[in-house]
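Participant: This is the content of entry-v1.txt (compact mmCIF, C-alpha atoms and all ligand atoms):
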```txt
# COMPACT_ATOMS: atom_id res chain seq x y z
CA MET Q 1 -70.67 -46.29 -83.19
CA PHE Q 2 -74.05 -44.83 -84.15
CA ARG Q 3 -75.49 -44.99 -80.60
CA ASN Q 4 -73.90 -44.69 -77.18
CA ASN Q 5 -77.15 -45.40 -75.29
CA ILE Q 6 -77.47 -49.10 -76.15
CA ASN Q 7 -77.49 -50.19 -72.50
CA LEU Q 8 -80.44 -47.94 -71.80
CA ILE Q 9 -82.31 -49.23 -74.84
CA LYS Q 10 -81.65 -52.80 -73.68
CA GLN Q 11 -83.18 -52.08 -70.28
CA TYR Q 12 -86.55 -51.61 -71.93
CA GLU Q 13 -86.33 -54.68 -74.13
CA GLY Q 14 -88.35 -57.86 -73.67
CA PRO Q 15 -90.01 -60.72 -75.53
CA PRO Q 16 -92.70 -60.05 -78.15
CA VAL Q 17 -96.15 -59.55 -76.65
CA ILE Q 18 -99.51 -60.19 -78.32
CA GLU Q 19 -102.51 -58.39 -76.81
CA LYS Q 20 -106.17 -58.36 -77.73
CA LEU Q 21 -106.46 -54.59 -77.63
CA PHE Q 22 -109.26 -53.54 -79.96
CA SER Q 23 -112.89 -54.54 -80.45
CA LEU Q 24 -114.12 -55.26 -83.96
CA GLU Q 25 -115.84 -51.89 -83.97
CA GLU Q 26 -112.64 -50.10 -82.99
CA THR Q 27 -110.69 -51.94 -85.69
CA GLU Q 28 -113.32 -50.89 -88.23
CA ARG Q 29 -112.79 -47.30 -87.13
CA ILE Q 30 -109.04 -47.59 -87.61
CA LYS Q 31 -109.78 -48.91 -91.13
CA ASP Q 32 -112.28 -46.10 -91.81
CA LEU Q 33 -109.62 -43.60 -90.86
CA TYR Q 34 -107.27 -45.23 -93.37
CA ASN Q 35 -109.85 -44.68 -96.10
CA LYS Q 36 -110.20 -41.00 -95.22
CA LEU Q 37 -106.50 -40.16 -95.01
CA PRO Q 38 -104.55 -38.74 -97.96
CA LEU Q 39 -102.23 -41.03 -99.88
CA ARG Q 40 -98.58 -40.48 -98.97
CA VAL Q 41 -96.78 -43.03 -101.11
CA PHE Q 42 -98.06 -45.01 -104.06
CA ASN Q 43 -95.55 -47.26 -105.71
CA GLN Q 44 -97.38 -48.63 -108.72
CA LYS Q 45 -94.64 -51.07 -109.65
CA GLN Q 46 -94.56 -52.66 -106.20
CA ASN Q 47 -98.27 -52.06 -105.66
CA VAL Q 48 -97.66 -50.47 -102.26
CA LYS Q 49 -99.75 -47.73 -100.70
CA LYS Q 50 -98.75 -45.85 -97.58
CA LYS Q 51 -100.69 -43.39 -95.49
CA ALA Q 52 -99.79 -41.67 -92.24
CA TRP Q 53 -102.17 -41.37 -89.29
CA ILE Q 54 -102.63 -37.60 -89.13
CA GLN Q 55 -104.29 -36.33 -85.97
CA SER Q 56 -107.74 -34.63 -85.94
CA TYR Q 57 -109.47 -36.66 -88.66
CA ASP Q 58 -111.17 -38.63 -85.88
CA LYS Q 59 -110.35 -36.92 -82.60
CA GLU Q 60 -112.09 -39.52 -80.48
CA LEU Q 61 -110.10 -42.30 -82.13
CA ASP Q 62 -106.86 -40.30 -81.60
CA LYS Q 63 -107.58 -40.25 -77.87
CA LEU Q 64 -108.60 -43.88 -77.72
CA TYR Q 65 -105.45 -45.03 -79.53
CA ILE Q 66 -103.11 -43.06 -77.24
CA LYS Q 67 -104.92 -44.44 -74.19
CA LYS Q 68 -104.91 -48.07 -75.36
CA LEU Q 69 -101.22 -47.94 -76.21
CA LYS Q 70 -100.46 -46.51 -72.81
CA GLU Q 71 -102.16 -49.54 -71.23
CA VAL Q 72 -99.68 -51.88 -72.88
CA LEU Q 73 -96.57 -49.70 -73.20
CA GLY Q 74 -96.60 -47.55 -70.09
CA ASP Q 75 -94.83 -44.24 -70.76
CA TYR Q 76 -93.82 -43.73 -74.37
CA LYS Q 77 -93.44 -41.08 -77.03
CA MET Q 78 -94.51 -41.38 -80.65
CA ASP Q 79 -91.67 -41.75 -83.16
CA ASN Q 80 -93.37 -41.82 -86.58
CA LEU Q 81 -92.13 -38.61 -88.17
CA LYS Q 82 -94.13 -35.40 -87.87
CA ASN Q 83 -96.95 -33.98 -89.92
CA ASP Q 84 -96.34 -30.76 -91.90
CA ASP Q 85 -97.92 -28.78 -89.04
CA GLY Q 86 -95.42 -30.23 -86.53
CA THR Q 87 -97.84 -32.60 -84.80
CA ASP Q 88 -96.90 -36.23 -84.18
CA LEU Q 89 -98.10 -38.79 -86.66
CA PHE Q 90 -99.61 -41.76 -84.83
CA GLY Q 91 -98.40 -44.46 -87.19
CA LEU Q 92 -97.97 -45.55 -90.75
CA TYR Q 93 -100.51 -47.61 -92.67
CA HIS Q 94 -99.01 -49.98 -95.19
CA GLU Q 95 -101.09 -51.66 -97.88
CA SER Q 96 -99.26 -54.12 -100.11
CA PHE Q 97 -99.50 -57.28 -102.16
CA HIS Q 98 -95.85 -58.23 -102.05
CA PRO Q 99 -93.80 -59.31 -99.05
CA LEU Q 100 -91.26 -56.93 -97.52
CA GLY Q 101 -87.59 -57.85 -97.39
CA LEU Q 102 -85.31 -58.15 -94.41
CA HIS Q 103 -84.99 -54.94 -92.40
CA VAL Q 104 -85.06 -53.19 -89.05
CA ASP Q 105 -86.93 -49.99 -88.08
CA SER Q 106 -84.46 -48.82 -85.45
CA GLY Q 107 -84.65 -45.11 -86.25
CA PHE Q 108 -82.32 -42.39 -87.47
CA ILE Q 109 -81.49 -40.25 -84.43
CA PRO Q 110 -78.53 -41.48 -82.33
CA GLU Q 111 -79.70 -39.91 -79.04
CA ASP Q 112 -83.18 -41.45 -79.15
CA VAL Q 113 -83.97 -44.25 -76.72
CA ILE Q 114 -85.92 -46.36 -79.17
CA TYR Q 115 -88.60 -48.48 -77.53
CA LYS Q 116 -91.38 -50.66 -79.00
CA GLN Q 117 -93.08 -50.99 -82.36
CA VAL Q 118 -96.75 -51.87 -82.41
CA LEU Q 119 -98.24 -53.79 -85.33
CA VAL Q 120 -102.00 -53.43 -85.73
CA PRO Q 121 -103.23 -55.93 -88.34
CA LEU Q 122 -106.26 -54.83 -90.37
CA THR Q 123 -106.34 -57.89 -92.66
CA TYR Q 124 -104.60 -61.25 -92.55
CA GLY Q 125 -100.83 -61.34 -93.03
CA GLU Q 126 -97.67 -62.88 -91.58
CA THR Q 127 -94.51 -61.30 -90.22
CA ILE Q 128 -91.31 -63.10 -89.26
CA PHE Q 129 -89.30 -61.71 -86.35
CA PHE Q 130 -85.76 -62.91 -85.76
CA LYS Q 131 -83.97 -63.23 -82.44
CA ASN Q 132 -81.16 -61.19 -84.01
CA LYS Q 133 -81.10 -57.51 -83.13
CA TRP Q 134 -79.59 -54.38 -84.63
CA TYR Q 135 -78.64 -51.22 -82.75
CA GLY Q 136 -77.52 -49.13 -85.71
CA ARG Q 137 -79.70 -46.93 -87.93
CA SER Q 138 -82.79 -48.30 -89.69
CA THR Q 139 -81.36 -50.74 -92.20
CA THR Q 140 -82.28 -52.92 -95.14
CA PHE Q 141 -80.22 -56.12 -95.11
CA THR Q 142 -78.88 -57.46 -98.37
CA VAL Q 143 -76.07 -59.53 -99.87
CA ASP Q 144 -76.39 -57.87 -103.29
CA PRO Q 145 -73.10 -56.00 -103.89
CA GLU Q 146 -74.79 -53.33 -106.00
CA GLU Q 147 -77.47 -52.70 -103.40
CA LEU Q 148 -74.77 -52.48 -100.72
CA ASN Q 149 -73.26 -49.48 -102.56
CA PHE Q 150 -76.41 -47.43 -101.97
CA LYS Q 151 -75.73 -44.18 -100.11
CA PRO Q 152 -78.81 -43.27 -98.05
CA ASN Q 153 -80.15 -39.79 -97.27
CA PRO Q 154 -80.51 -38.98 -93.56
CA ASP Q 155 -84.07 -40.33 -93.60
CA GLN Q 156 -83.39 -43.46 -95.65
CA ASN Q 157 -82.40 -46.94 -94.54
CA ASP Q 158 -78.77 -47.99 -94.55
CA ARG Q 159 -77.82 -51.08 -96.51
CA SER Q 160 -75.78 -53.71 -94.72
CA LYS Q 161 -74.68 -57.33 -94.60
CA ASP Q 162 -73.20 -57.05 -91.11
CA HIS Q 163 -76.15 -59.03 -89.72
CA LEU Q 164 -74.76 -62.22 -91.25
CA GLY Q 165 -73.51 -65.04 -89.05
CA ASN Q 166 -71.98 -68.45 -89.69
CA LYS Q 167 -74.87 -70.87 -89.46
CA ASN Q 168 -76.65 -71.71 -92.71
CA PHE Q 169 -80.36 -70.97 -92.62
CA ASP Q 170 -82.73 -73.95 -92.59
CA THR Q 171 -83.81 -74.66 -96.18
CA LYS Q 172 -87.27 -75.91 -95.13
CA LEU Q 173 -88.06 -72.74 -93.16
CA HIS Q 174 -86.76 -70.69 -96.08
CA GLN Q 175 -89.13 -72.48 -98.46
CA LYS Q 176 -92.01 -72.23 -96.03
CA TYR Q 177 -91.81 -68.54 -95.19
CA MET Q 178 -89.12 -66.58 -97.03
CA LYS Q 179 -88.93 -67.58 -100.67
CA HIS Q 180 -88.70 -63.87 -101.56
CA ILE Q 181 -85.36 -63.54 -99.74
CA ASP Q 182 -81.98 -64.90 -100.87
CA ILE Q 183 -81.16 -67.68 -98.39
CA LYS Q 184 -77.57 -66.35 -98.18
CA ASN Q 185 -79.04 -63.18 -96.70
CA LEU Q 186 -80.52 -65.24 -93.83
CA GLN Q 187 -77.26 -66.84 -92.75
CA GLY Q 188 -76.88 -66.71 -88.98
CA LEU Q 189 -80.46 -65.61 -88.38
CA GLU Q 190 -82.75 -67.46 -86.02
CA ILE Q 191 -86.55 -67.10 -85.98
CA GLU Q 192 -88.03 -65.73 -82.78
CA LEU Q 193 -91.66 -65.60 -83.87
CA VAL Q 194 -93.83 -66.14 -86.92
CA TYR Q 195 -96.68 -63.77 -86.19
CA LYS Q 196 -99.94 -64.70 -87.92
CA TRP Q 197 -101.97 -61.51 -87.98
CA LYS Q 198 -105.30 -61.44 -86.23
CA VAL Q 199 -107.61 -58.46 -86.51
CA GLY Q 200 -108.23 -56.99 -83.04
CA GLU Q 201 -104.80 -58.00 -81.75
CA VAL Q 202 -101.64 -55.97 -81.58
CA LEU Q 203 -98.11 -57.31 -81.63
CA ILE Q 204 -95.58 -55.40 -79.56
CA THR Q 205 -91.89 -55.94 -80.27
CA ASP Q 206 -88.59 -54.23 -79.57
CA ARG Q 207 -87.58 -51.79 -82.31
CA THR Q 208 -84.24 -53.58 -82.64
CA HIS Q 209 -85.61 -56.93 -83.95
CA ILE Q 210 -84.64 -57.76 -87.53
CA HIS Q 211 -87.83 -58.79 -89.37
CA CYS Q 212 -89.49 -59.38 -92.75
CA SER Q 213 -92.83 -60.40 -94.24
CA SER Q 214 -93.60 -64.00 -94.99
CA SER Q 215 -93.78 -64.90 -98.67
CA ASN Q 216 -96.93 -66.95 -98.21
CA LEU Q 217 -99.67 -64.52 -99.07
CA ASP Q 218 -100.15 -63.00 -102.44
CA LYS Q 219 -103.22 -61.11 -101.29
CA MET Q 220 -103.71 -57.54 -100.18
CA LYS Q 221 -102.38 -56.94 -96.68
CA LEU Q 222 -103.12 -53.87 -94.62
CA ALA Q 223 -101.62 -53.00 -91.25
CA LEU Q 224 -100.84 -49.99 -89.14
CA THR Q 225 -97.44 -49.75 -87.49
CA THR Q 226 -96.62 -47.33 -84.69
CA PHE Q 227 -93.03 -46.69 -83.66
CA THR Q 228 -92.24 -45.41 -80.20
CA LYS Q 229 -89.36 -44.14 -78.13
CA LYS Q 230 -88.91 -43.37 -74.43
FE FE Z 301 -90.75 -53.13 -90.39
```
Represent the supplied structure as structure tokens.
Ligand SMILES: [Fe+2]

Facilitator:
Amino acid sequence: MFRNNINLIKQYEGPPVIEKLFSLEETERIKDLYNKLPLRVFNQKQNVKKKAWIQSYDKELDKLYIKKLKEVLGDYKMDNLKNDDGTDLFGLYHESFHPLGLHVDSGFIPEDVIYKQVLVPLTYGETIFFKNKWYGRSTTFTVDPEELNFKPNPDQNDRSKDHLGNKNFDTKLHQKYMKHIDIKNLQGLEIELVYKWKVGEVLITDRTHIHCSSSNLDKMKLALTTFTKK
């Protein structure tokens, strides 16, 4: 078993929470910071850009973000990798045109008490969260036999089909939200929440929720995600 602290992790779990946390001005500042930060990943084929929130570009905003998160999360620690200088990154910005597949961001360190992930929408977008949870390493779920052979590095997602259950997934919901995912890969999953992004809000969910993007929007989407642990 990857973790032996699952009971502790479960103690901190709860339903998804949506909070109006930022003013329009504050959201603009979070976007401005995105524009100033260096590019970390650019996948031309998938048209994905990623940047990490490095501290000290906007020190006032650093402080504000920590404080606002504390209001909704209570005590927490950042869990977004570290910058080269050893300081905590405050989150990962993700800009993309294409929907993400089925995955979970449950972390890579067995001793960590993973806590909440915070989604800060900066444009419109949609994310589907399932009731189904995963307590192993961060994983990409797939039914493709070739993909399942992938051997990850310590910082890369596992591949698995162990999320699958018996109940066929509803074909209408599949057509409505998840055309980019093989319906066989959704077997046994049950939707908890279709979150329609709203700028100014944050969505707070347990790190263990399996989730994916909706296939609806073929427009640029930009959001910041912050991962936390206890
Ligand atoms: Fe995710």

Participant: Near Pro154 (chain Q), within 10 Å and counting all atoms listed in the file, which residues show up once chain neighbours fewer than 4 positions away are dropped, as a list in words?

Facilitator: Phe108, Ile109, Arg137 and Asp158 of chain Q

Participant: Could I get the residue neighbourhood of ligand FE 301 (chain Z) at 7 Å, counting only C-alpha atoms and all ligand atoms, as a list in words?

Facilitator: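 After applying the 7 Å limit, what remains is His103, Val104, Asp105, His211 and Cys212 of chain Q.
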
Participant: Taking all atoms listed in the file into account, which of Q:Asp218, Q:Glu95, Q:Asp206, Q:Asp32 comes nearest His180 (chain Q)?

Facilitator: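 Closest candidate: Q:Asp218.
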
Participant: Kindly indicate which residue among Q:Asp58, Q:Glu25, Q:Glu71, Q:Glu126 lies nearest to Ser214 (chain Q), using all atoms listed in the file for the distances.

Facilitator: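 That would be Q:Glu126, the residue with the smallest distance to Ser214 (chain Q).
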
Participant: Neighbours of Pro16 (chain Q) within 9 Å (all atoms listed in the file; same-chain residues fewer than 6 positions away dropped), as a list of chain:residue names?

Facilitator: Q:Glu192, Q:Leu193, Q:Leu203, Q:Ile204, Q:Thr205, Q:Asp206

Participant: Produce a file of the selected residues containing C-alpha atoms, as a tab-separated table (two decimals), in the coordinates of the input.

Facilitator:
```tsv
chain	number	residue	atom	x	y	z
Q	192	GLU	CA	-88.03	-65.73	-82.78
Q	193	LEU	CA	-91.66	-65.60	-83.87
Q	203	LEU	CA	-98.11	-57.31	-81.63
Q	204	ILE	CA	-95.58	-55.40	-79.56
Q	205	THR	CA	-91.89	-55.94	-80.27
Q	206	ASP	CA	-88.59	-54.23	-79.57
```

Participant: Please report the interatomic distance between CA of Lys77 (chain Q) and CA of Thr228 (chain Q) in Å with one decimal.

Facilitator: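 Answer for the CA of Lys77 (chain Q) to CA of Thr228 (chain Q) separation: 5.5 Å.
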
Participant: Record the distance separating CA of Leu164 (chain Q) and CA of Met1 (chain Q), expressed in Å with one decimal.

Facilitator: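 CA of Met1 (chain Q) lies at a distance of 18.3 Å from CA of Leu164 (chain Q).
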
Participant: So that I can see what lies close to region 52-55 of chain Q, please list as a PyMOL selection string the residues with an atom at most 9 Å from it, counting all atoms listed in the file and leaving out residues fewer than 2 positions away in the same chain.

Facilitator: chain Q and resi 33-34+37-40+50+57-59+62+80+82-83+87-94+224

Participant: I'd like to know which of Q:Val120, Q:Val17, Q:Leu186, Q:Ile181 is closest to Ala223 (chain Q), using all atoms listed in the file.

Facilitator: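 Among Q:Val120, Q:Val17, Q:Leu186, Q:Ile181, it is Q:Val120 that comes nearest to Ala223 (chain Q).
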